[in-house]
Amino acid sequence: MDIRWNILIIIMGSALVTLIPRVLPLVVLSRFQLPNGLIRWLQHIPVAVMAALIAQELFIANGNFAFKQLEWLAALPTFAVAIFTRSLLGTVIVGLVSMMLLRWLF
Amino acid sequence: MELNHQRIDTQDDSFIQGVKDCVPTLLGYLSIGFAAGVVGNTSGMSVSEIALMSALLYAGSGQFIAAGMIAASSPISAIIFTIFFINIRHLLLSAAVAPHLKGLSSWKNLVIGSQLTDETFGVAMNHVASGKKLGYRWMLGLNITAYLNWLLATIAGGLLGKWIPHPEVYGLDFALPAMFIGLLVLQLHSSKKVLVPMIVALSSVLIVIGASYIFSGSMGVIIAAVISSTIGAVIQKWTSDGTS
């Protein structure tokens with residue numbers, strides 16, 4: 001096993017700081033009856049997070065606002081397939097193929 | 001229709017059903033995991049190191065950043081701190097699944113939470129949005145399938161990285177946004193009232209763009225999620241007088 005000490009420390013440290021935010025809210029909040037306002041707020045988190053992650057992929061390059069043309073061109077058929085087929089696998093395949101074609105063309 | 005739903009409810013909770021519901025995400029994970037393995041390889045990490053990182057850290061964006069910073073010989077503390085910031089959005093995901101896993105013991109929730117990712121979270125919340133409950137065995141089936149697929153994909157990328165130094169040429173990097181697009185659209189599709197989630201999604205996009213002028217990318221995602229969810233909750237309260 002060729003694992004260097006400094007890499008091992010990086011892996012252990014980053015795993016720990018990632019584990020805590022993953023586990024803590026779930027373990028703590030699932031033990032209480034949450035107020036309706038908080039539940040209503042939490043219901044919007046999935047859409048909000050997914051939209052934010054997509055925006056980051058399509059609009060942000062190196063931490064700054066950028067209109068990423070290739071990503072946008074690939075996103076259009078990807079959105080279309082998602083809307084019309086509602087198939088996650090189909091969406092990913094069309095996304096991958098679109099990007100492959102675009103990279104090959106430009 | 002209603003009756004049909006009732007009947008399959010018991011089956012929905014099984015481990016195997018969780019595995020099946022994970023299948024549509026496998027190709028996306030495979031592409032990204034493979035790319036992460038290749039990037040790890042080019043940053044000088046050994047296959048054992050890549051495998052250990054996937055097994056313990058198990059976070060796509062975190063692993064890409066780690067490889068980049070290791071290649072740039074960044075200090076260990078800076079790498080760990082950066083990964084902490086990138087992955088802190090899991091706080092929100094973890095909190096959002098909590099109401100749906102209320103009956104479970106802390107130990108079981110610890111196991112489920114430790115394997116929480118953007119994609120498995122998306123699949124689980126779509127499961128909820130389509131009117132089904134989250135069961136422990138179903139979550140395990142979903143999580144373990146995703147975890148093994150990720151581990152194997154990154155190892156494959158680490159092994160084959162020598163021959164494919166630039167995986168983005170094949171469009172592999174677009175698997176991630178494509179998967180997020182699919183998960184978002186599915187989530188919108190299963191919402192009863194689509195207008196409020198649309199407003200939430202749109203404001204989230206605008207806030208990410210706005211925040212990019214002030215904060216780092218991962219911070220922008222957290223700020224956008226918090227503010228746009230608040231917008232959604234406030235609109236919902238206004239329009240329904242808090243009865244929903």
# chains A, B, ... in the order shown; residues from 1 in each chain; ligands from 1

call {"tool": "residues_around", "arguments": {"residues": "Ile86 of chain B", "least_positions_apart": "2", "cutoff": "12 Å", "atoms": "only C-alpha atoms", "output": "PyMOL selection string"}}
result
(chain A and resi 14+17-18+21+53) or (chain B and resi 59-66+79-84+88-91+216-222)

call {"tool": "closest_atom_pairs", "arguments": {"of": "chain A", "to": "chain B", "cutoff": "7 Å", "atoms": "only C-alpha atoms", "output": "Markdown table"}}
result
| residue | atom | partner | partner_atom | distance |
| --- | --- | --- | --- | --- |
| A:Met1 | CA | B:Ser48 | CA | 6.2 |
| A:Asp2 | CA | B:Ser48 | CA | 6.4 |
| A:Ile3 | CA | B:Glu49 | CA | 5.6 |
| A:Ile10 | CA | B:Ile76 | CA | 6.0 |
| A:Ile11 | CA | B:Met53 | CA | 5.6 |
| A:Gly13 | CA | B:Ile80 | CA | 6.0 |
| A:Ser14 | CA | B:Ile80 | CA | 4.9 |
| A:Ala15 | CA | B:Leu57 | CA | 4.2 |
| A:Val17 | CA | B:Phe84 | CA | 5.4 |
| A:Thr18 | CA | B:Asn87 | CA | 5.8 |
| A:Leu19 | CA | B:Ser114 | CA | 5.9 |
| A:Pro21 | CA | B:Leu91 | CA | 4.7 |
| A:Arg22 | CA | B:His90 | CA | 5.1 |
| A:Val23 | CA | B:Gly113 | CA | 4.5 |
| A:Pro25 | CA | B:Ala95 | CA | 4.9 |
| A:Leu26 | CA | B:Ala98 | CA | 4.7 |
| A:Val27 | CA | B:Ser106 | CA | 5.4 |
| A:Leu29 | CA | B:Ala98 | CA | 5.8 |
| A:Ser30 | CA | B:Lys102 | CA | 4.5 |
| A:Arg31 | CA | B:Lys102 | CA | 6.2 |
| A:Arg40 | CA | B:Ala233 | CA | 5.7 |
| A:Trp41 | CA | B:Ala233 | CA | 5.0 |
| A:Leu42 | CA | B:Ala96 | CA | 5.0 |
| A:Gln43 | CA | B:Ala96 | CA | 6.7 |
| A:His44 | CA | B:Ser229 | CA | 4.9 |
| A:Ile45 | CA | B:Ser229 | CA | 5.8 |
| A:Pro46 | CA | B:Gly122 | CA | 6.8 |
| A:Val47 | CA | B:Ala201 | CA | 6.0 |
| A:Ala48 | CA | B:Ala225 | CA | 4.8 |
| A:Val49 | CA | B:Ala225 | CA | 5.3 |
| A:Met50 | CA | B:Leu184 | CA | 5.8 |
| A:Ala51 | CA | B:Ala201 | CA | 5.2 |
| A:Ala52 | CA | B:Val221 | CA | 5.4 |
| A:Leu53 | CA | B:Val221 | CA | 6.5 |
| A:Ile54 | CA | B:Pro177 | CA | 5.7 |
| A:Ala55 | CA | B:Val205 | CA | 5.2 |
| A:Gln56 | CA | B:Val208 | CA | 6.8 |
| A:Glu57 | CA | B:Pro177 | CA | 6.3 |
| A:Phe59 | CA | B:Ile209 | CA | 6.9 |
| A:Gly63 | CA | B:Gly217 | CA | 5.5 |
| A:Asn64 | CA | B:Ser212 | CA | 5.6 |
| A:Phe65 | CA | B:Ile209 | CA | 6.2 |
| A:Thr78 | CA | B:Ala178 | CA | 6.4 |
| A:Phe79 | CA | B:Ile181 | CA | 6.4 |
| A:Ala82 | CA | B:Gly182 | CA | 5.3 |
| A:Ile83 | CA | B:Val185 | CA | 6.3 |
| A:Arg86 | CA | B:Leu186 | CA | 6.2 |
| A:Leu88 | CA | B:Gly182 | CA | 5.3 |
| A:Leu89 | CA | B:Pro24 | CA | 4.5 |
| A:Thr91 | CA | B:Gly182 | CA | 5.9 |
| A:Val92 | CA | B:Ala178 | CA | 5.1 |
| A:Gly95 | CA | B:Ala178 | CA | 5.3 |
| A:Leu96 | CA | B:Gly171 | CA | 5.4 |
| A:Met99 | CA | B:Gly171 | CA | 4.8 |
| A:Met100 | CA | B:Gly171 | CA | 4.4 |
| A:Arg103 | CA | B:Val169 | CA | 6.3 |

call {"tool": "write_last_selection", "arguments": {"atoms": "C-alpha atoms", "output": "compact mmCIF listing (two decimals), in the first residue's frame"}}
result
# COMPACT_ATOMS: atom_id res chain seq x y z
CA MET A 1 0.00 0.00 0.00
CA ASP A 2 1.71 3.17 -1.16
CA ILE A 3 0.04 5.81 0.96
CA ILE A 10 -5.29 15.21 4.18
CA ILE A 11 -7.71 12.33 3.64
CA GLY A 13 -8.85 15.56 8.01
CA SER A 14 -11.05 16.30 5.02
CA ALA A 15 -13.16 13.18 5.67
CA VAL A 17 -14.75 17.93 8.34
CA THR A 18 -17.07 16.53 5.64
CA LEU A 19 -18.65 13.89 7.90
CA PRO A 21 -21.99 18.59 8.47
CA ARG A 22 -23.38 15.46 6.76
CA VAL A 23 -24.40 13.74 9.97
CA PRO A 25 -28.29 18.06 11.42
CA LEU A 26 -29.85 14.71 10.51
CA VAL A 27 -29.08 13.08 13.86
CA LEU A 29 -33.13 17.45 13.98
CA SER A 30 -34.71 14.03 13.38
CA ARG A 31 -35.21 13.70 17.15
CA ARG A 40 -41.80 24.66 5.11
CA TRP A 41 -38.38 26.26 4.73
CA LEU A 42 -36.61 22.90 4.51
CA GLN A 43 -39.03 21.73 1.80
CA HIS A 44 -37.54 24.30 -0.56
CA ILE A 45 -33.93 23.25 0.04
CA PRO A 46 -33.79 20.50 -2.67
CA VAL A 47 -34.91 22.81 -5.50
CA ALA A 48 -32.80 25.68 -4.15
CA VAL A 49 -29.61 23.59 -3.87
CA MET A 50 -30.01 21.87 -7.26
CA ALA A 51 -30.69 25.20 -8.99
CA ALA A 52 -27.67 26.77 -7.27
CA LEU A 53 -25.40 23.88 -8.30
CA ILE A 54 -26.61 24.12 -11.92
CA ALA A 55 -26.09 27.90 -11.91
CA GLN A 56 -22.57 27.38 -10.63
CA GLU A 57 -21.81 24.98 -13.49
CA PHE A 59 -22.49 30.71 -15.05
CA GLY A 63 -15.06 32.00 -9.22
CA ASN A 64 -16.35 34.75 -11.52
CA PHE A 65 -19.48 35.30 -13.55
CA THR A 78 -30.31 18.16 -21.56
CA PHE A 79 -33.14 20.27 -20.12
CA ALA A 82 -35.36 15.98 -18.68
CA ILE A 83 -38.65 17.85 -19.19
CA ARG A 86 -38.46 12.63 -16.94
CA LEU A 88 -32.60 10.72 -15.12
CA LEU A 89 -30.47 8.27 -17.06
CA THR A 91 -30.88 13.15 -19.25
CA VAL A 92 -27.32 12.24 -18.26
CA GLY A 95 -25.89 15.69 -21.58
CA LEU A 96 -22.71 13.63 -22.01
CA MET A 99 -20.92 17.86 -24.57
CA MET A 100 -18.79 15.28 -26.35
CA ARG A 103 -16.04 19.59 -27.65

call {"tool": "select_by_dssp", "arguments": {"residues": "segment 36-98 of chain A", "states": "strand (DSSP E)", "output": "list in words"}}
result
Ile60, Ala61, Asn64 and Phe65 of chain A

call {"tool": "select_by_dssp", "arguments": {"residues": "segment 102-187 of chain B", "states": "alpha helix (DSSP H)", "output": "ChimeraX atom specification"}}
result
/B:106-114,118-129,136-160,175-187

call {"tool": "closest_residue", "arguments": {"among": "A:Ser87, A:Gln69, A:Ile93, A:Leu102", "to": "Asp21 of chain B", "atoms": "only C-alpha atoms"}}
result
A:Ser87
